[in-house]
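**Student:** The file below is entry.pdb, PDB, C-alpha atoms and all ligand atoms:
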ATOM      1  CA  MET W   1       0.000   0.000   0.000
ATOM      2  CA  ARG W   2       1.221   3.495  -0.733
ATOM      3  CA  VAL W   3      -0.422   6.845  -0.028
ATOM      4  CA  GLU W   4      -0.022   9.629  -2.583
ATOM      5  CA  THR W   5      -0.987  13.286  -2.252
ATOM      6  CA  LEU W   6      -2.807  14.556  -5.325
ATOM      7  CA  THR W   7      -3.545  18.140  -6.329
ATOM      8  CA  GLY W   8      -4.293  19.924  -9.617
ATOM      9  CA  ALA W   9      -4.240  17.807 -12.771
ATOM     10  CA  ALA W  10      -3.267  14.627 -10.909
ATOM     11  CA  LEU W  11      -6.345  15.006  -8.686
ATOM     12  CA  SER W  12      -8.611  15.634 -11.679
ATOM     13  CA  GLU W  13      -7.312  12.488 -13.363
ATOM     14  CA  ALA W  14      -8.084  10.392 -10.262
ATOM     15  CA  LEU W  15     -11.668  11.644  -9.839
ATOM     16  CA  ASP W  16     -13.362   8.847 -11.781
ATOM     17  CA  ASP W  17     -11.571   6.215  -9.690
ATOM     18  CA  ILE W  18     -12.467   8.128  -6.517
ATOM     19  CA  ALA W  19     -16.090   8.228  -7.676
ATOM     20  CA  ARG W  20     -16.157   4.439  -8.167
ATOM     21  CA  LEU W  21     -14.605   3.920  -4.746
ATOM     22  CA  ARG W  22     -17.103   6.294  -3.097
ATOM     23  CA  MET W  23     -20.002   4.437  -4.694
ATOM     24  CA  ALA W  24     -18.636   1.077  -3.469
ATOM     25  CA  VAL W  25     -17.855   2.121   0.127
ATOM     26  CA  PHE W  26     -20.852   4.392   0.669
ATOM     27  CA  ARG W  27     -23.330   1.610  -0.206
ATOM     28  CA  ASP W  28     -22.779   0.422   3.347
ATOM     29  CA  TRP W  29     -24.245   1.776   6.551
ATOM     30  CA  PRO W  30     -24.620   4.602   7.482
ATOM     31  CA  TYR W  31     -24.548   6.132   3.975
ATOM     32  CA  LEU W  32     -26.567   3.482   2.079
ATOM     33  CA  TYR W  33     -25.797   5.506  -1.048
ATOM     34  CA  GLU W  34     -26.850   4.184  -4.418
ATOM     35  CA  GLY W  35     -24.718   6.479  -6.511
ATOM     36  CA  THR W  36     -24.458   7.054 -10.228
ATOM     37  CA  MET W  37     -21.508   8.443 -12.167
ATOM     38  CA  GLU W  38     -23.712  11.398 -13.083
ATOM     39  CA  ASN W  39     -24.284  12.304  -9.409
ATOM     40  CA  GLU W  40     -20.635  11.724  -8.683
ATOM     41  CA  HIS W  41     -19.461  14.063 -11.437
ATOM     42  CA  ARG W  42     -21.732  16.800 -10.131
ATOM     43  CA  TYR W  43     -20.491  16.360  -6.561
ATOM     44  CA  LEU W  44     -16.802  15.954  -7.369
ATOM     45  CA  GLN W  45     -16.688  18.892  -9.741
ATOM     46  CA  ALA W  46     -15.740  21.171  -6.821
ATOM     47  CA  TYR W  47     -12.453  19.272  -6.545
ATOM     48  CA  GLN W  48     -11.776  19.591 -10.259
ATOM     49  CA  VAL W  49     -12.154  23.353 -10.290
ATOM     50  CA  SER W  50     -10.481  24.113  -6.964
ATOM     51  CA  GLU W  51      -6.799  24.956  -7.165
ATOM     52  CA  ARG W  52      -6.551  24.365  -3.420
ATOM     53  CA  ALA W  53      -8.232  20.959  -3.329
ATOM     54  CA  ILE W  54      -6.315  17.906  -2.162
ATOM     55  CA  ALA W  55      -6.840  14.163  -2.282
ATOM     56  CA  LEU W  56      -4.961  11.436  -0.501
ATOM     57  CA  ALA W  57      -5.008   8.369  -2.686
ATOM     58  CA  VAL W  58      -4.166   4.909  -1.363
ATOM     59  CA  TYR W  59      -2.968   2.386  -3.920
ATOM     60  CA  ASP W  60      -2.437  -1.329  -3.763
ATOM     61  CA  GLY W  61      -0.367  -1.771  -6.917
ATOM     62  CA  ASP W  62      -2.311   0.160  -9.552
ATOM     63  CA  TRP W  63      -5.628  -0.142  -7.717
ATOM     64  CA  LEU W  64      -7.096   2.759  -5.841
ATOM     65  CA  VAL W  65      -8.255   1.218  -2.551
ATOM     66  CA  GLY W  66      -8.722   4.355  -0.462
ATOM     67  CA  ALA W  67      -9.185   8.084  -0.857
ATOM     68  CA  SER W  68      -9.779  11.177   1.150
ATOM     69  CA  THR W  69     -10.440  14.670  -0.143
ATOM     70  CA  GLY W  70     -10.476  18.249   1.073
ATOM     71  CA  ALA W  71     -11.038  21.754  -0.267
ATOM     72  CA  PRO W  72     -11.756  25.241   1.060
ATOM     73  CA  LEU W  73     -15.270  25.363   2.527
ATOM     74  CA  SER W  74     -16.014  28.497   0.487
ATOM     75  CA  GLU W  75     -15.661  26.366  -2.648
ATOM     76  CA  HIS W  76     -18.394  24.065  -1.317
ATOM     77  CA  ALA W  77     -20.650  27.048  -0.683
ATOM     78  CA  GLU W  78     -23.479  25.609  -2.728
ATOM     79  CA  ASP W  79     -23.529  22.452  -0.605
ATOM     80  CA  PHE W  80     -22.757  23.844   2.856
ATOM     81  CA  GLY W  81     -23.128  27.618   2.729
ATOM     82  CA  GLU W  82     -26.673  27.541   4.083
ATOM     83  CA  ALA W  83     -25.721  25.355   7.032
ATOM     84  CA  PHE W  84     -23.240  28.006   8.176
ATOM     85  CA  GLU W  85     -25.603  30.922   7.672
ATOM     86  CA  GLY W  86     -26.286  32.746  10.929
ATOM     87  CA  THR W  87     -23.200  31.254  12.648
ATOM     88  CA  PRO W  88     -20.282  33.443  13.752
ATOM     89  CA  PHE W  89     -17.872  31.466  11.546
ATOM     90  CA  ASP W  90     -16.093  32.949   8.548
ATOM     91  CA  VAL W  91     -16.340  30.266   5.857
ATOM     92  CA  GLU W  92     -13.300  31.766   4.118
ATOM     93  CA  LYS W  93     -11.151  30.588   7.042
ATOM     94  CA  ILE W  94     -12.468  27.030   7.164
ATOM     95  CA  PHE W  95     -11.170  24.036   5.259
ATOM     96  CA  TYR W  96     -13.634  21.273   4.463
ATOM     97  CA  CYS W  97     -12.701  17.601   4.612
ATOM     98  CA  GLY W  98     -14.713  15.576   2.152
ATOM     99  CA  GLU W  99     -15.036  11.834   2.310
ATOM    100  CA  SER W 100     -12.649   9.274   3.737
ATOM    101  CA  VAL W 101     -13.174   5.935   2.083
ATOM    102  CA  LEU W 102     -11.121   2.785   2.377
ATOM    103  CA  LEU W 103     -12.034  -0.700   1.232
ATOM    104  CA  PRO W 104     -12.811  -2.850   4.304
ATOM    105  CA  ARG W 105      -9.790  -5.170   4.065
ATOM    106  CA  TYR W 106      -7.395  -2.209   4.332
ATOM    107  CA  ARG W 107      -8.969  -0.715   7.465
ATOM    108  CA  GLY W 108      -7.537  -0.694  10.970
ATOM    109  CA  GLN W 109      -3.939   0.024   9.888
ATOM    110  CA  GLY W 110      -3.799   3.745  10.604
ATOM    111  CA  ILE W 111      -4.739   5.082   7.150
ATOM    112  CA  GLY W 112      -7.721   6.952   8.629
ATOM    113  CA  HIS W 113      -5.329   8.809  10.948
ATOM    114  CA  GLN W 114      -3.052   9.632   8.009
ATOM    115  CA  PHE W 115      -6.038  10.994   6.057
ATOM    116  CA  PHE W 116      -6.797  13.502   8.805
ATOM    117  CA  GLU W 117      -3.197  14.411   9.609
ATOM    118  CA  ALA W 118      -2.341  15.111   5.964
ATOM    119  CA  ARG W 119      -5.407  17.284   5.370
ATOM    120  CA  GLU W 120      -4.948  19.179   8.637
ATOM    121  CA  ASP W 121      -1.273  19.892   7.812
ATOM    122  CA  TYR W 122      -2.190  20.944   4.291
ATOM    123  CA  ALA W 123      -4.974  23.289   5.449
ATOM    124  CA  ARG W 124      -2.725  24.792   8.147
ATOM    125  CA  GLY W 125      -0.076  25.402   5.495
ATOM    126  CA  LEU W 126      -2.612  27.301   3.405
ATOM    127  CA  GLY W 127      -3.431  29.533   6.377
ATOM    128  CA  PHE W 128      -6.858  28.151   7.304
ATOM    129  CA  GLU W 129      -7.878  28.540  10.948
ATOM    130  CA  LYS W 130     -10.468  25.784  11.267
ATOM    131  CA  ILE W 131     -11.201  22.462   9.639
ATOM    132  CA  CYS W 132     -14.524  20.668   9.399
ATOM    133  CA  PHE W 133     -16.273  17.652   7.938
ATOM    134  CA  SER W 134     -19.819  16.349   7.922
ATOM    135  CA  SER W 135     -21.346  13.057   8.838
ATOM    136  CA  VAL W 136     -24.757  11.634   8.014
ATOM    137  CA  VAL W 137     -27.283  11.371  10.844
ATOM    138  CA  ARG W 138     -29.471   8.248  10.815
ATOM    139  CA  PRO W 139     -32.179   7.214  13.254
ATOM    140  CA  PRO W 140     -30.661   4.811  15.812
ATOM    141  CA  ASP W 141     -33.401   2.257  15.116
ATOM    142  CA  HIS W 142     -32.941   2.259  11.316
ATOM    143  CA  PRO W 143     -33.699  -1.265   9.993
ATOM    144  CA  LEU W 144     -30.469  -1.428   7.947
ATOM    145  CA  LYS W 145     -28.154  -0.580  10.827
ATOM    146  CA  PRO W 146     -25.802  -3.562  11.359
ATOM    147  CA  SER W 147     -25.906  -4.799  14.949
ATOM    148  CA  ASP W 148     -22.085  -4.806  15.139
ATOM    149  CA  TYR W 149     -21.586  -1.302  13.678
ATOM    150  CA  ARG W 150     -18.914   0.740  15.472
ATOM    151  CA  ALA W 151     -19.530   4.454  15.073
ATOM    152  CA  LEU W 152     -16.536   6.637  14.199
ATOM    153  CA  ASP W 153     -17.551   9.362  16.701
ATOM    154  CA  PRO W 154     -14.947   8.340  19.329
ATOM    155  CA  PHE W 155     -12.212   8.475  16.666
ATOM    156  CA  TRP W 156     -13.272  11.961  15.536
ATOM    157  CA  LYS W 157     -13.560  13.228  19.123
ATOM    158  CA  LYS W 158     -10.091  11.897  19.940
ATOM    159  CA  ARG W 159      -8.763  13.860  16.980
ATOM    160  CA  GLY W 160     -10.209  17.048  18.509
ATOM    161  CA  TYR W 161     -13.405  17.417  16.451
ATOM    162  CA  ASP W 162     -16.758  18.319  17.990
ATOM    163  CA  ARG W 163     -20.254  18.516  16.586
ATOM    164  CA  LEU W 164     -21.309  22.067  15.738
ATOM    165  CA  PRO W 165     -24.790  22.300  17.285
ATOM    166  CA  GLY W 166     -27.384  23.281  14.723
ATOM    167  CA  VAL W 167     -24.963  23.347  11.774
ATOM    168  CA  VAL W 168     -26.572  20.717   9.627
ATOM    169  CA  ALA W 169     -26.616  20.506   5.828
ATOM    170  CA  GLN W 170     -29.246  18.642   3.834
ATOM    171  CA  PHE W 171     -28.111  16.322   1.072
ATOM    172  CA  THR W 172     -30.320  14.287  -1.181
ATOM    173  CA  TRP W 173     -29.518  10.866  -2.541
ATOM    174  CA  LYS W 174     -31.166   7.544  -3.201
ATOM    175  CA  ASP W 175     -30.707   4.975  -0.448
ATOM    176  CA  VAL W 176     -30.056   1.385  -1.526
ATOM    177  CA  ASP W 177     -33.445   0.296  -0.111
ATOM    178  CA  GLN W 178     -35.496   3.196  -1.506
ATOM    179  CA  VAL W 179     -37.066   3.843  -4.907
ATOM    180  CA  SER W 180     -36.350   7.550  -5.039
ATOM    181  CA  GLU W 181     -34.049  10.144  -3.524
ATOM    182  CA  THR W 182     -34.659  11.414   0.010
ATOM    183  CA  ALA W 183     -33.029  14.235   2.000
ATOM    184  CA  LYS W 184     -30.529  13.344   4.705
ATOM    185  CA  PRO W 185     -29.163  15.578   7.487
ATOM    186  CA  LEU W 186     -25.372  15.931   7.524
ATOM    187  CA  GLN W 187     -24.023  17.065  10.885
ATOM    188  CA  MET W 188     -20.997  19.355  10.714
ATOM    189  CA  TRP W 189     -17.987  18.656  12.971
ATOM    190  CA  MET W 190     -15.142  21.127  13.420
ATOM    191  CA  ARG W 191     -11.855  21.846  15.240
ATOM    192  CA  ASP W 192      -9.288  24.614  15.353
ATOM    193  CA  LEU W 193      -6.099  24.161  13.372
TER
HETATM  194  C1  LIG W 201     -13.084   6.093   7.972
HETATM  195  C2  LIG W 201     -12.064   5.086   7.483
HETATM  196  C3  LIG W 201     -11.407   5.610   6.224
HETATM  197  C4  LIG W 201     -11.003   4.942   8.585
HETATM  198  O1  LIG W 201      -9.998   4.165   8.076
HETATM  199  P1  LIG W 201      -8.990   3.233   8.910
HETATM  200  O2  LIG W 201      -7.699   3.189   8.161
HETATM  201  O3  LIG W 201      -9.612   1.969   9.240
HETATM  202  O4  LIG W 201      -8.753   4.067  10.240
HETATM  203  P2  LIG W 201      -7.573   3.864  11.284
HETATM  204  O5  LIG W 201      -6.962   2.511  11.149
HETATM  205  O6  LIG W 201      -6.656   5.042  11.178
HETATM  206  O7  LIG W 201      -8.368   3.904  12.619
HETATM  207  C5  LIG W 201      -9.081   5.044  12.970
HETATM  208  C6  LIG W 201      -9.839   4.813  14.221
HETATM  209  O8  LIG W 201     -11.000   4.022  13.939
HETATM  210  C7  LIG W 201     -11.104   2.957  14.889
HETATM  211  N1  LIG W 201     -11.553   1.769  14.179
HETATM  212  C8  LIG W 201     -10.827   0.753  13.703
HETATM  213  N2  LIG W 201     -11.634  -0.145  13.108
HETATM  214  C9  LIG W 201     -12.871   0.349  13.213
HETATM  215  C10 LIG W 201     -14.135  -0.109  12.790
HETATM  216  N3  LIG W 201     -14.305  -1.276  12.163
HETATM  217  N4  LIG W 201     -15.209   0.672  13.037
HETATM  218  C11 LIG W 201     -15.073   1.853  13.670
HETATM  219  N5  LIG W 201     -13.894   2.320  14.100
HETATM  220  C12 LIG W 201     -12.818   1.583  13.870
HETATM  221  C13 LIG W 201      -9.740   2.722  15.415
HETATM  222  O9  LIG W 201      -9.869   2.353  16.778
HETATM  223  C14 LIG W 201      -9.055   4.068  15.270
HETATM  224  O10 LIG W 201      -9.205   4.813  16.418
HETATM  225  P3  LIG W 201      -7.983   5.123  17.387
HETATM  226  O11 LIG W 201      -6.732   4.550  16.787
HETATM  227  O12 LIG W 201      -7.944   6.602  17.409
HETATM  228  O13 LIG W 201      -8.368   4.512  18.649
HETATM  229  C15 LIG W 201     -12.712   3.712   7.205
HETATM  230  O14 LIG W 201     -13.231   3.216   8.393
HETATM  231  C16 LIG W 201     -13.821   3.759   6.162
HETATM  232  O15 LIG W 201     -13.564   3.787   4.959
HETATM  233  N6  LIG W 201     -15.098   3.738   6.631
HETATM  234  C17 LIG W 201     -16.258   3.752   5.733
HETATM  235  C18 LIG W 201     -16.551   5.111   5.154
HETATM  236  C19 LIG W 201     -16.837   6.135   6.220
HETATM  237  O16 LIG W 201     -17.690   5.968   7.078
HETATM  238  N7  LIG W 201     -16.129   7.259   6.163
HETATM  239  C20 LIG W 201     -16.256   8.320   7.109
HETATM  240  C21 LIG W 201     -17.151   9.389   6.663
HETATM  241  S1  LIG W 201     -16.736  10.097   5.103
END
Now that the file is in, can you turn its structure into structure tokens?
**Tutor:**
Amino acid sequence: MRVETLTGAALSEALDDIARLRMAVFRDWPYLYEGTMENEHRYLQAYQVSERAIALAVYDGDWLVGASTGAPLSEHAEDFGEAFEGTPFDVEKIFYCGESVLLPRYRGQGIGHQFFEAREDYARGLGFEKICFSSVVRPPDHPLKPSDYRALDPFWKKRGYDRLPGVVAQFTWKDVDQVSETAKPLQMWMRDL
């Protein structure tokens, strides 16, 4: 396994592979995302146009087995701007961490820590003051919740992130067990850099 840092053209070239990986990993709980390449292109476009976007790409040989992205929050304004409206935070000073996805057999070896460390260092280097990410909120009694699911909240808290009360974005996608798209709340988490 090797982890590469991608920006600019190299990031753009990896976006289709990242999209396929997102669709594979996010089918599982708690995302239950039935993605299409069309949706993915729309979502990932922010990374293509942002000169300050970053992706960490994990390869096993030539295969992309993990990825993690980040970009200035202001460049995700369409997706998250509303959630921050009315808060005292200056979105220009916040870096947004997109997904972290790793195929199950590669988990538990510290890659998740590397994903955060690399994006935090990168954002600090660009002069950002805060860093955030969002996480889907599901009802605790959801029928598709695996009984042995271990939430990532303790990991995020240990890394210094806290939920931002009331800062919740709405995203719409089709769940694997639904016939049409439904809106999902995405809770924002943040820490100082
Ligand atoms: C998030 C993800 C990339 C983390 O990758 P990872 O390489 O396994 O993470 P690490 O090995 O660095 O471990 C990170 C922490 O998770 C904990 N952890 C390990 N296996 C876990 C599991 N099966 N479930 C929950 N937490 C687990 C570890 O205890 C570790 O915490 P600690 O070392 O601080 O005590 C990976 O779990 C994943 O792809 N999950 C599915 C997608 C997802 O939910 N992404 C997050 C939102 S975008």
**Student:** Exactly which residues make up the result of the PyMOL selection byres (((chain W and resi 166-178) around 7) and not hetatm) on this file, given as a PDB file with C-alpha atoms, in the coordinates of the input?
**Tutor:**
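What follows is the written file result_9.pdb:
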ATOM      1  CA  ARG W  27     -23.330   1.610  -0.206  1.00  0.00           C
ATOM      2  CA  LEU W  32     -26.567   3.482   2.079  1.00  0.00           C
ATOM      3  CA  TYR W  33     -25.797   5.506  -1.048  1.00  0.00           C
ATOM      4  CA  GLU W  34     -26.850   4.184  -4.418  1.00  0.00           C
ATOM      5  CA  PHE W  80     -22.757  23.844   2.856  1.00  0.00           C
ATOM      6  CA  ALA W  83     -25.721  25.355   7.032  1.00  0.00           C
ATOM      7  CA  PHE W  84     -23.240  28.006   8.176  1.00  0.00           C
ATOM      8  CA  LEU W 164     -21.309  22.067  15.738  1.00  0.00           C
ATOM      9  CA  PRO W 165     -24.790  22.300  17.285  1.00  0.00           C
ATOM     10  CA  VAL W 179     -37.066   3.843  -4.907  1.00  0.00           C
ATOM     11  CA  SER W 180     -36.350   7.550  -5.039  1.00  0.00           C
ATOM     12  CA  GLU W 181     -34.049  10.144  -3.524  1.00  0.00           C
ATOM     13  CA  THR W 182     -34.659  11.414   0.010  1.00  0.00           C
ATOM     14  CA  ALA W 183     -33.029  14.235   2.000  1.00  0.00           C
ATOM     15  CA  LYS W 184     -30.529  13.344   4.705  1.00  0.00           C
ATOM     16  CA  PRO W 185     -29.163  15.578   7.487  1.00  0.00           C
ATOM     17  CA  LEU W 186     -25.372  15.931   7.524  1.00  0.00           C
ATOM     18  CA  GLN W 187     -24.023  17.065  10.885  1.00  0.00           C
ATOM     19  CA  MET W 188     -20.997  19.355  10.714  1.00  0.00           C
TER      20      MET W 188
END
**Student:** Give the answer as one residue: which of W:Trp29, W:Ile54, W:Val65, W:Val101 has the shortest atom-to-atom distance to Val137 (chain W), using all atoms listed in the file?
**Tutor:**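 Closest residue, counting all atoms listed in the file: W:Trp29.
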**Student:** Please identify every polymer residue within 8 Å of ligand LIG 201 (chain W), using all atoms listed in the file, and present the set as number ranges by chain.
**Tutor:** W: 25-26, 28-31, 66-68, 98-104, 106-115, 134-135, 149-152, 154-156, 158-159
**Student:** Can you spell out as a list of chain:residue names the set of residues that the PyMOL selection byres (((chain W and resi 16) around 12) and not hetatm) selects in the structure I just provided?
**Tutor:**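 Answer for the PyMOL selection byres (((chain W and resi 16) around 12) and not hetatm): W:Ala10, W:Leu11, W:Ser12, W:Glu13, W:Ala14, W:Leu15, W:Asp17, W:Ile18, W:Ala19, W:Arg20, W:Leu21, W:Arg22, W:Met23, W:Thr36, W:Met37, W:Glu38, W:Asn39, W:Glu40, W:His41, W:Arg42, W:Tyr43, W:Leu44, W:Gln45, W:Tyr47, W:Gln48, W:Leu64, W:Ala67.
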**Student:** With C-alpha atoms retained, write the just-selected residues as a PDB file, in the coordinates of the input.
**Tutor:**
ATOM      1  CA  ALA W  10      -3.267  14.627 -10.909  1.00  0.00           C
ATOM      2  CA  LEU W  11      -6.345  15.006  -8.686  1.00  0.00           C
ATOM      3  CA  SER W  12      -8.611  15.634 -11.679  1.00  0.00           C
ATOM      4  CA  GLU W  13      -7.312  12.488 -13.363  1.00  0.00           C
ATOM      5  CA  ALA W  14      -8.084  10.392 -10.262  1.00  0.00           C
ATOM      6  CA  LEU W  15     -11.668  11.644  -9.839  1.00  0.00           C
ATOM      7  CA  ASP W  17     -11.571   6.215  -9.690  1.00  0.00           C
ATOM      8  CA  ILE W  18     -12.467   8.128  -6.517  1.00  0.00           C
ATOM      9  CA  ALA W  19     -16.090   8.228  -7.676  1.00  0.00           C
ATOM     10  CA  ARG W  20     -16.157   4.439  -8.167  1.00  0.00           C
ATOM     11  CA  LEU W  21     -14.605   3.920  -4.746  1.00  0.00           C
ATOM     12  CA  ARG W  22     -17.103   6.294  -3.097  1.00  0.00           C
ATOM     13  CA  MET W  23     -20.002   4.437  -4.694  1.00  0.00           C
ATOM     14  CA  THR W  36     -24.458   7.054 -10.228  1.00  0.00           C
ATOM     15  CA  MET W  37     -21.508   8.443 -12.167  1.00  0.00           C
ATOM     16  CA  GLU W  38     -23.712  11.398 -13.083  1.00  0.00           C
ATOM     17  CA  ASN W  39     -24.284  12.304  -9.409  1.00  0.00           C
ATOM     18  CA  GLU W  40     -20.635  11.724  -8.683  1.00  0.00           C
ATOM     19  CA  HIS W  41     -19.461  14.063 -11.437  1.00  0.00           C
ATOM     20  CA  ARG W  42     -21.732  16.800 -10.131  1.00  0.00           C
ATOM     21  CA  TYR W  43     -20.491  16.360  -6.561  1.00  0.00           C
ATOM     22  CA  LEU W  44     -16.802  15.954  -7.369  1.00  0.00           C
ATOM     23  CA  GLN W  45     -16.688  18.892  -9.741  1.00  0.00           C
ATOM     24  CA  TYR W  47     -12.453  19.272  -6.545  1.00  0.00           C
ATOM     25  CA  GLN W  48     -11.776  19.591 -10.259  1.00  0.00           C
ATOM     26  CA  LEU W  64      -7.096   2.759  -5.841  1.00  0.00           C
ATOM     27  CA  ALA W  67      -9.185   8.084  -0.857  1.00  0.00           C
TER      28      ALA W  67
END
**Student:** CA of Glu129 (chain W) and CA of Val91 (chain W) are how many Å apart?
**Tutor:**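 It comes out at 10.0 Å.
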**Student:** So how far away is CA of Glu92 (chain W) from CA of Pro72 (chain W), in Å?
**Tutor:**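 One can read the CA of Pro72 (chain W) to CA of Glu92 (chain W) distance as 7.4 Å.
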**Student:** Find the residue from W:Arg119, W:Lys157, W:Arg191, W:His76 that sits nearest to Ile131 (chain W); use all atoms listed in the file when measuring.
**Tutor:**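 Nearest candidate to Ile131 (chain W) out of W:Arg119, W:Lys157, W:Arg191, W:His76: W:Arg191.
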